[in-house]
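J.: The file below is structure.cif, mmCIF, C-alpha atoms:
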data_run
loop_
_atom_site.label_atom_id
_atom_site.label_comp_id
_atom_site.auth_asym_id
_atom_site.auth_seq_id
_atom_site.Cartn_x
_atom_site.Cartn_y
_atom_site.Cartn_z
CA MET A 1 0.00 0.00 0.00
CA LYS A 2 2.84 2.36 0.96
CA LEU A 3 4.91 1.17 -2.00
CA GLU A 4 1.96 1.60 -4.32
CA GLN A 5 1.46 5.13 -3.03
CA ASP A 6 5.12 6.04 -3.63
CA ILE A 7 4.95 4.65 -7.16
CA LEU A 8 1.81 6.63 -7.93
CA ALA A 9 3.24 9.85 -6.45
CA LYS A 10 6.36 9.46 -8.58
CA ASN A 11 4.25 8.71 -11.65
CA ASN A 12 2.09 11.76 -11.03
CA ALA A 13 5.16 14.00 -10.99
CA TYR A 14 6.23 12.67 -14.40
CA ALA A 15 2.66 12.98 -15.66
CA ALA A 16 2.62 16.65 -14.66
CA GLN A 17 5.82 17.17 -16.69
CA ASN A 18 4.28 15.48 -19.73
CA ARG A 19 1.14 17.57 -19.35
CA GLU A 20 3.20 20.79 -19.22
CA ARG A 21 4.98 19.68 -22.35
CA PHE A 22 1.76 18.92 -24.24
CA ALA A 23 0.34 22.29 -23.21
CA ALA A 24 3.48 24.14 -24.32
CA GLN A 25 3.45 22.27 -27.64
CA GLY A 26 -0.30 22.68 -28.21
CA VAL A 27 -0.69 18.91 -28.54
CA LEU A 28 -3.81 16.92 -27.64
CA ALA A 29 -2.77 13.65 -25.96
CA LEU A 30 -5.25 10.81 -25.57
CA ASN A 31 -4.71 7.60 -23.61
CA LEU A 32 -6.42 4.65 -25.30
CA VAL A 33 -7.25 1.81 -22.95
CA SER A 34 -9.06 -1.49 -23.42
CA SER A 35 -8.91 -5.25 -23.08
CA PRO A 36 -6.50 -7.03 -25.41
CA GLY A 37 -7.98 -7.47 -28.87
CA SER A 38 -10.53 -4.66 -28.73
CA GLY A 39 -9.38 -3.38 -32.11
CA LYS A 40 -7.49 -0.28 -30.95
CA THR A 41 -4.69 -0.48 -33.53
CA THR A 42 -7.00 -1.07 -36.50
CA LEU A 43 -9.17 1.82 -35.33
CA LEU A 44 -6.08 4.02 -34.98
CA CYS A 45 -4.88 3.19 -38.49
CA LYS A 46 -8.29 4.12 -39.94
CA THR A 47 -8.35 7.28 -37.83
CA ILE A 48 -4.92 8.38 -39.05
CA GLU A 49 -5.94 7.80 -42.66
CA ALA A 50 -9.25 9.61 -42.30
CA LEU A 51 -7.60 12.65 -40.75
CA LYS A 52 -4.79 12.93 -43.34
CA GLY A 53 -4.41 16.51 -44.50
CA LYS A 54 -6.51 17.78 -41.58
CA LEU A 55 -4.70 16.66 -38.46
CA ASP A 56 -1.32 14.99 -37.95
CA LEU A 57 -1.32 12.10 -35.51
CA ALA A 58 1.62 10.50 -33.76
CA VAL A 59 1.40 7.30 -31.74
CA VAL A 60 3.05 5.80 -28.71
CA GLU A 61 2.47 2.06 -28.67
CA GLY A 62 2.55 0.10 -25.44
CA ASP A 63 2.92 -3.69 -25.47
CA GLN A 64 4.67 -6.17 -23.25
CA GLN A 65 6.57 -7.55 -26.24
CA THR A 66 6.90 -7.03 -30.02
CA SER A 67 6.80 -3.90 -32.11
CA HIS A 68 4.06 -5.19 -34.41
CA ASP A 69 1.68 -2.38 -33.55
CA ALA A 70 4.21 0.41 -34.14
CA GLU A 71 4.99 -1.15 -37.52
CA ARG A 72 1.30 -1.18 -38.44
CA ILE A 73 1.03 2.48 -37.48
CA ARG A 74 4.16 3.47 -39.43
CA ALA A 75 2.73 1.81 -42.53
CA THR A 76 0.08 4.58 -42.53
CA GLY A 77 2.86 7.18 -42.64
CA ALA A 78 2.38 8.39 -39.07
CA PRO A 79 5.33 8.45 -36.64
CA ALA A 80 5.16 5.79 -33.93
CA VAL A 81 7.33 4.85 -30.99
CA GLN A 82 7.02 1.39 -29.49
CA ILE A 83 7.42 0.91 -25.74
CA ASN A 84 7.88 -2.65 -24.52
CA THR A 85 6.89 -2.88 -20.88
CA GLY A 86 8.39 -6.36 -20.38
CA LYS A 87 6.84 -7.63 -17.17
CA GLY A 88 4.88 -4.38 -16.75
CA CYS A 89 1.15 -4.43 -17.34
CA HIS A 90 0.70 -0.71 -18.09
CA LEU A 91 2.48 2.33 -19.43
CA ASP A 92 3.68 4.88 -16.90
CA ALA A 93 4.36 8.57 -17.32
CA HIS A 94 8.13 8.14 -17.18
CA MET A 95 8.14 5.72 -20.13
CA VAL A 96 5.92 8.08 -22.10
CA GLY A 97 8.25 10.99 -21.29
CA HIS A 98 11.14 9.08 -22.85
CA ALA A 99 9.07 8.17 -25.90
CA LEU A 100 8.31 11.87 -26.39
CA GLU A 101 12.03 12.54 -26.85
CA LYS A 102 11.87 10.46 -30.01
CA LEU A 103 8.88 12.27 -31.52
CA SER A 104 8.89 15.79 -32.87
CA LEU A 105 5.43 17.08 -32.17
CA ASN A 106 4.10 20.35 -33.53
CA LYS A 107 1.29 22.64 -32.51
CA GLY A 108 -2.05 21.11 -33.38
CA ASN A 109 -0.75 17.53 -33.51
CA VAL A 110 -2.61 14.74 -31.74
CA LEU A 111 -0.72 12.12 -29.76
CA MET A 112 -2.47 8.79 -29.36
CA ILE A 113 -1.02 6.69 -26.57
CA GLU A 114 -2.13 3.12 -27.08
CA ASN A 115 -1.82 1.52 -23.67
CA VAL A 116 -1.18 -2.14 -22.90
CA GLY A 117 -4.37 -4.18 -23.26
CA ASN A 118 -5.49 -4.29 -19.62
CA LEU A 119 -8.61 -2.89 -17.98
CA VAL A 120 -7.13 -2.70 -14.47
CA CYS A 121 -3.72 -1.09 -13.91
CA PRO A 122 -3.72 1.61 -16.62
CA ALA A 123 -6.71 3.21 -14.84
CA ALA A 124 -4.45 4.32 -11.97
CA PHE A 125 -1.58 5.70 -14.06
CA ASP A 126 -1.93 9.23 -15.31
CA LEU A 127 0.31 9.69 -18.35
CA GLY A 128 -0.30 13.42 -18.60
CA GLU A 129 -3.01 12.86 -21.19
CA ALA A 130 -5.98 15.17 -21.75
CA GLY A 131 -8.28 12.22 -21.30
CA LYS A 132 -8.66 8.48 -21.41
CA VAL A 133 -10.67 6.83 -24.16
CA VAL A 134 -11.87 3.33 -23.31
CA ILE A 135 -12.62 0.98 -26.20
CA LEU A 136 -15.14 -1.78 -25.57
CA SER A 137 -15.53 -4.36 -28.30
CA VAL A 138 -19.02 -5.79 -28.75
CA THR A 139 -17.35 -9.21 -28.88
CA GLU A 140 -16.73 -8.85 -25.12
CA GLY A 141 -19.41 -8.97 -22.43
CA GLU A 142 -21.59 -5.92 -21.93
CA ASP A 143 -20.92 -6.05 -18.18
CA LYS A 144 -17.28 -4.96 -18.53
CA PRO A 145 -18.03 -1.47 -17.12
CA LEU A 146 -19.34 -3.06 -13.91
CA LYS A 147 -16.42 -5.47 -13.65
CA TYR A 148 -13.79 -2.79 -14.27
CA PRO A 149 -15.45 0.30 -12.80
CA ASP A 150 -12.21 2.23 -12.14
CA MET A 151 -11.34 2.24 -15.81
CA PHE A 152 -14.79 3.21 -17.04
CA ARG A 153 -14.95 5.88 -14.31
CA ALA A 154 -11.60 7.30 -15.42
CA ALA A 155 -12.55 7.55 -19.10
CA ARG A 156 -13.98 10.62 -20.85
CA LEU A 157 -15.24 8.69 -23.83
CA MET A 158 -16.25 5.08 -24.49
CA LEU A 159 -15.97 3.79 -28.03
CA VAL A 160 -18.20 0.76 -28.55
CA ASN A 161 -16.16 -0.92 -31.26
CA LYS A 162 -16.73 -3.60 -33.92
CA CYS A 163 -20.42 -2.64 -34.17
CA ASP A 164 -20.53 -4.29 -37.60
CA LEU A 165 -20.54 -7.62 -35.75
CA LEU A 166 -23.69 -6.84 -33.72
CA PRO A 167 -26.04 -8.86 -35.98
CA TYR A 168 -24.06 -12.01 -35.18
CA LEU A 169 -23.77 -11.50 -31.40
CA GLN A 170 -25.96 -11.38 -28.30
CA PHE A 171 -24.37 -8.10 -27.21
CA ASP A 172 -26.89 -5.56 -25.85
CA VAL A 173 -25.42 -2.13 -26.65
CA GLU A 174 -27.99 -0.22 -24.61
CA LYS A 175 -27.20 -2.35 -21.59
CA ALA A 176 -23.44 -1.78 -22.00
CA ILE A 177 -24.02 1.98 -22.18
CA ALA A 178 -26.33 1.89 -19.15
CA TYR A 179 -23.66 -0.01 -17.19
CA ALA A 180 -20.99 2.50 -18.21
CA ARG A 181 -23.23 5.37 -17.08
CA ARG A 182 -23.88 3.63 -13.78
CA VAL A 183 -20.21 4.06 -12.91
CA ASN A 184 -19.67 7.28 -14.88
CA PRO A 185 -22.92 9.13 -15.61
CA LEU A 186 -21.28 11.79 -17.77
CA ILE A 187 -19.19 9.49 -19.97
CA GLU A 188 -19.56 10.21 -23.68
CA VAL A 189 -20.31 7.28 -25.95
CA ILE A 190 -19.76 6.71 -29.67
CA ARG A 191 -20.55 3.46 -31.50
CA VAL A 192 -17.96 2.71 -34.14
CA SER A 193 -16.83 0.17 -36.64
CA ALA A 194 -13.45 0.46 -38.33
CA THR A 195 -14.76 -2.01 -40.92
CA THR A 196 -17.94 -0.27 -42.09
CA GLY A 197 -16.98 3.24 -41.01
CA GLU A 198 -20.03 3.54 -38.76
CA GLY A 199 -19.59 6.32 -36.21
CA MET A 200 -16.20 7.34 -37.56
CA ALA A 201 -17.41 10.85 -38.40
CA ASP A 202 -18.46 11.38 -34.77
CA TRP A 203 -15.17 10.01 -33.45
CA LEU A 204 -13.13 12.20 -35.81
CA ALA A 205 -15.19 15.25 -34.86
CA TRP A 206 -14.57 14.47 -31.17
CA ILE A 207 -10.80 14.40 -31.76
CA GLU A 208 -10.87 17.57 -33.86
CA LYS A 209 -12.82 19.44 -31.19
CA GLY A 210 -10.27 18.45 -28.54
CA ALA A 211 -7.32 19.34 -30.76
CA ALA A 212 -8.83 22.76 -31.49
CA ALA A 213 -9.32 23.43 -27.75
CA VAL A 214 -5.68 22.60 -27.00
CA ARG A 215 -4.31 24.47 -30.01
CA GLY A 216 -6.18 27.53 -28.74
CA MET B 217 0.84 11.01 4.24
CA LYS B 218 -0.24 7.62 5.59
CA LEU B 219 -3.07 9.25 7.54
CA GLU B 220 -4.13 11.19 4.46
CA GLN B 221 -4.17 7.98 2.45
CA ASP B 222 -6.33 6.19 5.03
CA ILE B 223 -8.76 9.11 5.08
CA LEU B 224 -9.05 9.12 1.30
CA ALA B 225 -9.49 5.33 1.13
CA LYS B 226 -12.31 5.54 3.68
CA ASN B 227 -13.87 8.45 1.82
CA ASN B 228 -13.71 6.56 -1.47
CA ALA B 229 -15.62 3.64 0.04
CA TYR B 230 -18.42 5.98 1.15
CA ALA B 231 -18.33 7.71 -2.24
CA ALA B 232 -18.82 4.35 -3.96
CA GLN B 233 -21.90 3.77 -1.77
CA ASN B 234 -23.32 7.18 -2.68
CA ARG B 235 -22.64 6.53 -6.35
CA GLU B 236 -24.47 3.18 -6.17
CA ARG B 237 -27.39 4.94 -4.53
CA PHE B 238 -27.57 7.68 -7.17
CA ALA B 239 -27.44 5.06 -9.92
CA ALA B 240 -30.20 2.99 -8.31
CA GLN B 241 -32.33 6.13 -7.87
CA GLY B 242 -31.65 7.48 -11.38
CA VAL B 243 -30.37 10.73 -9.87
CA LEU B 244 -27.73 13.01 -11.41
CA ALA B 245 -25.45 14.34 -8.66
CA LEU B 246 -23.16 17.30 -9.32
CA ASN B 247 -20.48 18.62 -6.97
CA LEU B 248 -20.21 22.43 -7.21
CA VAL B 249 -16.83 23.79 -6.17
CA SER B 250 -15.35 27.28 -6.14
CA SER B 251 -13.70 30.00 -4.10
CA PRO B 252 -15.90 31.65 -1.48
CA GLY B 253 -18.17 34.27 -3.00
CA SER B 254 -18.19 32.97 -6.56
CA GLY B 255 -21.97 33.22 -6.71
CA LYS B 256 -22.80 29.50 -6.46
CA THR B 257 -25.94 29.90 -4.34
CA THR B 258 -27.44 32.69 -6.45
CA LEU B 259 -26.75 30.68 -9.58
CA LEU B 260 -28.37 27.62 -7.97
CA CYS B 261 -31.51 29.56 -7.03
CA LYS B 262 -31.86 30.85 -10.61
CA THR B 263 -31.21 27.35 -11.94
CA ILE B 264 -33.91 25.81 -9.73
CA GLU B 265 -36.42 28.44 -10.81
CA ALA B 266 -35.59 28.09 -14.49
CA LEU B 267 -36.00 24.31 -14.39
CA LYS B 268 -39.30 24.34 -12.50
CA GLY B 269 -41.78 21.96 -14.10
CA LYS B 270 -39.01 20.30 -16.13
CA LEU B 271 -36.57 18.94 -13.57
CA ASP B 272 -36.72 18.73 -9.78
CA LEU B 273 -33.57 19.77 -8.00
CA ALA B 274 -32.52 19.06 -4.43
CA VAL B 275 -29.53 20.64 -2.75
CA VAL B 276 -26.94 19.67 -0.16
CA GLU B 277 -25.32 22.80 1.20
CA GLY B 278 -21.85 22.71 2.73
CA ASP B 279 -20.61 25.54 4.92
CA GLN B 280 -18.39 25.71 7.98
CA GLN B 281 -21.12 27.58 9.86
CA THR B 282 -24.67 28.93 9.36
CA SER B 283 -27.60 27.55 7.41
CA HIS B 284 -28.09 30.75 5.39
CA ASP B 285 -27.56 29.02 2.07
CA ALA B 286 -30.00 26.17 2.76
CA GLU B 287 -32.60 28.79 3.72
CA ARG B 288 -32.05 30.65 0.44
CA ILE B 289 -32.50 27.40 -1.48
CA ARG B 290 -35.65 26.42 0.44
CA ALA B 291 -37.16 29.81 -0.39
CA THR B 292 -37.24 28.63 -4.03
CA GLY B 293 -39.32 25.62 -2.97
CA ALA B 294 -36.54 23.06 -3.48
CA PRO B 295 -35.55 20.72 -0.65
CA ALA B 296 -32.18 21.50 0.92
CA VAL B 297 -30.08 19.95 3.66
CA GLN B 298 -27.39 22.02 5.32
CA ILE B 299 -24.16 20.39 6.44
CA ASN B 300 -21.94 22.39 8.78
CA THR B 301 -18.38 21.14 8.56
CA GLY B 302 -17.19 23.02 11.65
CA LYS B 303 -13.42 23.01 11.41
CA GLY B 304 -13.58 21.01 8.17
CA CYS B 305 -12.72 22.72 4.91
CA HIS B 306 -14.58 20.36 2.58
CA LEU B 307 -17.51 17.98 2.39
CA ASP B 308 -16.72 14.29 2.51
CA ALA B 309 -18.71 11.35 1.18
CA HIS B 310 -19.77 10.20 4.65
CA MET B 311 -21.40 13.56 5.43
CA VAL B 312 -23.17 13.53 2.09
CA GLY B 313 -24.42 9.98 2.75
CA HIS B 314 -26.06 11.17 5.96
CA ALA B 315 -27.59 14.18 4.22
CA LEU B 316 -29.11 11.82 1.64
CA GLU B 317 -31.09 10.13 4.43
CA LYS B 318 -32.96 13.40 4.89
CA LEU B 319 -33.84 13.85 1.21
CA SER B 320 -36.33 11.76 -0.72
CA LEU B 321 -34.98 11.70 -4.23
CA ASN B 322 -36.89 10.31 -7.19
CA LYS B 323 -35.86 9.07 -10.59
CA GLY B 324 -34.83 11.93 -12.81
CA ASN B 325 -34.08 14.32 -9.94
CA VAL B 326 -30.87 16.31 -9.88
CA LEU B 327 -28.86 16.67 -6.68
CA MET B 328 -26.66 19.73 -6.46
CA ILE B 329 -23.99 19.44 -3.79
CA GLU B 330 -22.69 22.91 -3.02
CA ASN B 331 -19.29 22.34 -1.50
CA VAL B 332 -17.50 24.57 1.00
CA GLY B 333 -15.89 27.55 -0.77
CA ASN B 334 -12.33 26.24 -1.16
CA LEU B 335 -10.33 25.48 -4.29
CA VAL B 336 -7.93 23.04 -2.62
CA CYS B 337 -9.27 20.23 -0.44
CA PRO B 338 -12.60 19.46 -2.17
CA ALA B 339 -10.60 18.43 -5.26
CA ALA B 340 -9.38 15.29 -3.48
CA PHE B 341 -12.70 14.18 -2.01
CA ASP B 342 -14.98 12.19 -4.26
CA LEU B 343 -18.55 12.50 -2.98
CA GLY B 344 -19.95 9.93 -5.40
CA GLU B 345 -20.98 12.68 -7.82
CA ALA B 346 -21.25 12.26 -11.57
CA GLY B 347 -18.94 15.21 -12.01
CA LYS B 348 -17.50 18.33 -10.48
CA VAL B 349 -18.52 21.75 -11.77
CA VAL B 350 -16.06 24.51 -10.94
CA ILE B 351 -17.38 28.06 -10.80
CA LEU B 352 -14.89 30.85 -11.51
CA SER B 353 -16.11 34.37 -10.94
CA VAL B 354 -14.72 37.03 -13.27
CA THR B 355 -14.14 39.15 -10.16
CA GLU B 356 -11.29 36.76 -9.29
CA GLY B 357 -7.98 36.50 -11.13
CA GLU B 358 -7.90 34.67 -14.46
CA ASP B 359 -4.88 32.66 -13.28
CA LYS B 360 -6.91 30.61 -10.77
CA PRO B 361 -6.73 27.46 -12.94
CA LEU B 362 -2.93 27.58 -12.83
CA LYS B 363 -2.84 28.26 -9.09
CA TYR B 364 -5.32 25.49 -8.27
CA PRO B 365 -4.64 22.96 -11.02
CA ASP B 366 -5.96 19.92 -9.12
CA MET B 367 -9.42 21.41 -8.88
CA PHE B 368 -9.59 22.55 -12.50
CA ARG B 369 -8.19 19.17 -13.57
CA ALA B 370 -10.89 17.36 -11.57
CA ALA B 371 -13.79 19.36 -13.02
CA ARG B 372 -15.92 18.36 -16.02
CA LEU B 373 -17.30 21.85 -16.57
CA MET B 374 -16.14 25.35 -15.72
CA LEU B 375 -18.78 28.03 -15.34
CA VAL B 376 -17.30 31.50 -15.81
CA ASN B 377 -19.72 33.40 -13.60
CA LYS B 378 -20.77 37.05 -13.14
CA CYS B 379 -20.04 37.78 -16.80
CA ASP B 380 -22.32 40.84 -16.56
CA LEU B 381 -19.47 42.53 -14.66
CA LEU B 382 -16.90 42.07 -17.45
CA PRO B 383 -17.23 45.65 -18.78
CA TYR B 384 -16.08 46.96 -15.40
CA LEU B 385 -13.14 44.60 -14.87
CA GLN B 386 -9.74 43.79 -16.36
CA PHE B 387 -10.60 40.06 -16.49
CA ASP B 388 -9.49 38.33 -19.71
CA VAL B 389 -11.99 35.50 -20.28
CA GLU B 390 -10.02 33.95 -23.15
CA LYS B 391 -6.94 33.82 -20.98
CA ALA B 392 -8.84 32.18 -18.12
CA ILE B 393 -10.20 29.54 -20.50
CA ALA B 394 -6.75 28.94 -22.00
CA TYR B 395 -5.32 28.46 -18.50
CA ALA B 396 -8.09 26.01 -17.61
CA ARG B 397 -7.40 24.04 -20.79
CA ARG B 398 -3.69 24.00 -20.02
CA VAL B 399 -4.41 21.85 -16.97
CA ASN B 400 -7.51 20.11 -18.39
CA PRO B 401 -7.67 20.26 -22.19
CA LEU B 402 -11.09 18.64 -22.42
CA ILE B 403 -12.87 20.76 -19.78
CA GLU B 404 -16.18 22.18 -20.98
CA VAL B 405 -16.76 25.89 -20.49
CA ILE B 406 -19.92 27.99 -20.26
CA ARG B 407 -19.98 31.73 -19.58
CA VAL B 408 -22.90 32.66 -17.37
CA SER B 409 -24.50 35.49 -15.49
CA ALA B 410 -27.25 34.84 -12.98
CA THR B 411 -28.07 38.54 -13.22
CA THR B 412 -28.59 38.97 -16.97
CA GLY B 413 -29.34 35.31 -17.75
CA GLU B 414 -26.42 35.10 -20.20
CA GLY B 415 -25.43 31.49 -20.85
CA MET B 416 -28.20 30.09 -18.65
CA ALA B 417 -29.78 28.21 -21.56
CA ASP B 418 -26.50 26.38 -22.21
CA TRP B 419 -26.04 25.56 -18.52
CA LEU B 420 -29.60 24.27 -18.21
CA ALA B 421 -29.19 22.17 -21.35
CA TRP B 422 -25.97 20.71 -19.91
CA ILE B 423 -27.81 19.66 -16.74
CA GLU B 424 -30.77 18.26 -18.67
CA LYS B 425 -28.48 16.19 -20.89
CA GLY B 426 -26.76 14.68 -17.84
CA ALA B 427 -30.04 13.99 -16.08
CA ALA B 428 -31.40 12.23 -19.17
CA ALA B 429 -28.28 10.03 -19.39
CA VAL B 430 -28.63 8.95 -15.76
CA ARG B 431 -32.41 8.48 -15.92
CA GLY B 432 -31.81 6.16 -18.90
#
Now that the file is in, can you turn its structure into structure tokens?
T.:
Amino acid sequence: MKLEQDILAKNNAYAAQNRERFAAQGVLALNLVSSPGSGKTTLLCKTIEALKGKLDLAVVEGDQQTSHDAERIRATGAPAVQINTGKGCHLDAHMVGHALEKLSLNKGNVLMIENVGNLVCPAAFDLGEAGKVVILSVTEGEDKPLKYPDMFRAARLMLVNKCDLLPYLQFDVEKAIAYARRVNPLIEVIRVSATTGEGMADWLAWIEKGAAAVRG
Amino acid sequence: MKLEQDILAKNNAYAAQNRERFAAQGVLALNLVSSPGSGKTTLLCKTIEALKGKLDLAVVEGDQQTSHDAERIRATGAPAVQINTGKGCHLDAHMVGHALEKLSLNKGNVLMIENVGNLVCPAAFDLGEAGKVVILSVTEGEDKPLKYPDMFRAARLMLVNKCDLLPYLQFDVEKAIAYARRVNPLIEVIRVSATTGEGMADWLAWIEKGAAAVRG
């Protein structure tokens, strides 16, 4: 408990530094969190492509092992830095600070931090982001917000992803949204599908609004 | 530090109970925080009157001493419970839980928790609310968000209050908003005046949207 507190206090100090840096640069930083396999990277690739010419995105990829995700991002033309956490189950603000040294961000850029797939630990670690975006795939259970309340409480926005698969599943979207609002009544919700493009316009508009606010 | 941690852990357990209760009741709870004298109570009275017949509001009033504010609220016809914190500089979730026993809330109601005027301690104490609303009066300095970053970071919405006085002051609203976004890039902002009614429609719409989400 004491150790945990020290770790979080240290993390918060690094997070404050990152936040200062984002503010000085005019960069919107989002922290994308989810279970493994929620479709974050595919969604990010589509997002980068859809925003080409309007907004420049950069990505920090967190995974225990491999740099597969950073490679997928780079194939879109966007800069990406891979962080391998090894035994660690989440990104922390110190790691992100180091990743920032390898990225040259400009005013109006958006930094997407794709966290390790884990609905528990990343909830407690502030990375200096403007907000957390939680991605819930409709292939998971709709009770995830009740099982992982800290994460859904910490998030600004929930993306209900892979909505194209709804006809083939028993997933009750309304129930999932009601559960999310039970733990976080003001959470924003957008239903998306990277495959059909459903909801992408709303998601892109949400990012653009945030980027404009930070750019000033 | 250890004591502080224990206090916060205890508070969080009570906050979780309050949150469960609000969810079960279908009640939107907002935690209103500000410096002393920001105009919270006047704004609340106008809000209650403007929403009459549309939404029922109840109020928990926090002050070190006196029940003046609860009396002002009751004069509008809305139920109000006063909590006197004595030496305490903030409401905690346990106090709010007890106040809830004295209020009969129904589905769709909105509970406004007017915290003690203090921009420091209330930031750390979750009361089980859906979100914090920070009120910044234009009669204060526009650098308040930088001086009290924890509070402005914790808030969902900033109300820039007493905007009718802007012609007589040196207050730079754009600067205040930029400072708030430096610590919380996604914070929502509404400029209001309880006196002229400026911005009230936006503020009322914001409340109604939240209440609808919780009511389901």
J.: As a check of understanding, name the residues that the PyMOL selection byres ((chain B) within 7 of (chain A)) selects in the supplied structure, as a VMD selection string.
T.: chain B and resid 239 346 394 397 to 398 400 to 402 426 429 to 430 432
J.: Would you mind listing what lies within 8 Å of region 259-265 of chain B as a PyMOL selection string, with all atoms listed in the file counted and same-chain residues fewer than 5 positions away left out?
T.: chain B and resi 272-273+288-289+292+294+409-410+416+420
J.: Please save C-alpha atoms of the selected residues as a compact mmCIF listing (two decimals), in the frame of the given file.
T.:
# COMPACT_ATOMS: atom_id res chain seq x y z
CA ASP B 272 -36.72 18.73 -9.78
CA LEU B 273 -33.57 19.77 -8.00
CA ARG B 288 -32.05 30.65 0.44
CA ILE B 289 -32.50 27.40 -1.48
CA THR B 292 -37.24 28.63 -4.03
CA ALA B 294 -36.54 23.06 -3.48
CA SER B 409 -24.50 35.49 -15.49
CA ALA B 410 -27.25 34.84 -12.98
CA MET B 416 -28.20 30.09 -18.65
CA LEU B 420 -29.60 24.27 -18.21
J.: As JSON, please: the centre and edge lengths in Å, to one decimal, of an axis-aligned box enclosing every listed atom of region 299-316 of chain B with 5 Å added on each side.
T.:
{"center_x": -20.9, "center_y": 16.5, "center_z": 6.4, "size_x": 26.4, "size_y": 23.0, "size_z": 20.5}
J.: Any idea what the distance is between CA of Phe152 (chain A) and CA of Asn11 (chain A)?
T.: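 According to the coordinates, CA of Phe152 (chain A) and CA of Asn11 (chain A) are separated by 20.5 Å.
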J.: Quick one: pull the distance between CA of Ser67 (chain A) and CA of Leu105 (chain A), Å, one decimal.
T.: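 CA of Ser67 (chain A) sits 21.0 Å away from CA of Leu105 (chain A).
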J.: Between CA of Val332 (chain B) and CA of Asp279 (chain B), what is the spacing in Å?
T.: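 Computed distance, CA of Asp279 (chain B) to CA of Val332 (chain B), equals 5.1 Å.
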J.: Which of these residues is nearest to Leu103 (chain A), using all atoms listed in the file: A:Val59, A:Val160, A:Thr195, A:Asp143?
T.: A:Val59
J.: At most 8 Å from (-17.3, 25.7, -14.0), file frame, all atoms listed in the file: which residues, as a ChimeraX atom specification?
T.: /B:349-352,371-376,404-406
J.: Evaluate the PyMOL selection byres ((chain B and resi 356) around 10) here and jot the selected residues down as a list of chain:residue names.
T.: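 Applied to this file, the PyMOL selection byres ((chain B and resi 356) around 10) returns B:Ser251, B:Gly253, B:Ser254, B:Leu352, B:Ser353, B:Val354, B:Thr355, B:Gly357, B:Glu358, B:Asp359, B:Lys360, B:Leu385, B:Phe387.
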J.: Write to file, as an mmCIF file, in the coordinates of the input, the residues of the selection just made, with C-alpha atoms.
T.:
data_model
loop_
_atom_site.group_PDB
_atom_site.id
_atom_site.type_symbol
_atom_site.label_atom_id
_atom_site.label_comp_id
_atom_site.auth_asym_id
_atom_site.auth_seq_id
_atom_site.Cartn_x
_atom_site.Cartn_y
_atom_site.Cartn_z
ATOM 1 C CA SER B 251 -13.700 30.000 -4.100
ATOM 2 C CA GLY B 253 -18.170 34.270 -3.000
ATOM 3 C CA SER B 254 -18.190 32.970 -6.560
ATOM 4 C CA LEU B 352 -14.890 30.850 -11.510
ATOM 5 C CA SER B 353 -16.110 34.370 -10.940
ATOM 6 C CA VAL B 354 -14.720 37.030 -13.270
ATOM 7 C CA THR B 355 -14.140 39.150 -10.160
ATOM 8 C CA GLY B 357 -7.980 36.500 -11.130
ATOM 9 C CA GLU B 358 -7.900 34.670 -14.460
ATOM 10 C CA ASP B 359 -4.880 32.660 -13.280
ATOM 11 C CA LYS B 360 -6.910 30.610 -10.770
ATOM 12 C CA LEU B 385 -13.140 44.600 -14.870
ATOM 13 C CA PHE B 387 -10.600 40.060 -16.490
#
J.: Carefully work through the PyMOL selection byres ((chain A and resi 98) around 12) for this structure and note down the residues it includes, as a list in words.
T.: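 Checking the PyMOL selection byres ((chain A and resi 98) around 12) against this file, the residues are Tyr14, Ala15, Gln17, Asn18, Val60, Val81, Gln82, Ile83, Leu91, Asp92, Ala93, His94, Met95, Val96, Gly97, Ala99, Leu100, Glu101, Lys102, Leu103 and Leu127 of chain A.
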J.: Using all atoms listed in the file, which of A:Asp69, A:Glu114, A:Asp126, A:Asp164 sits nearest Asn12 (chain A)?
T.: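 For Asn12 (chain A), the nearest of the given residues is A:Asp126.
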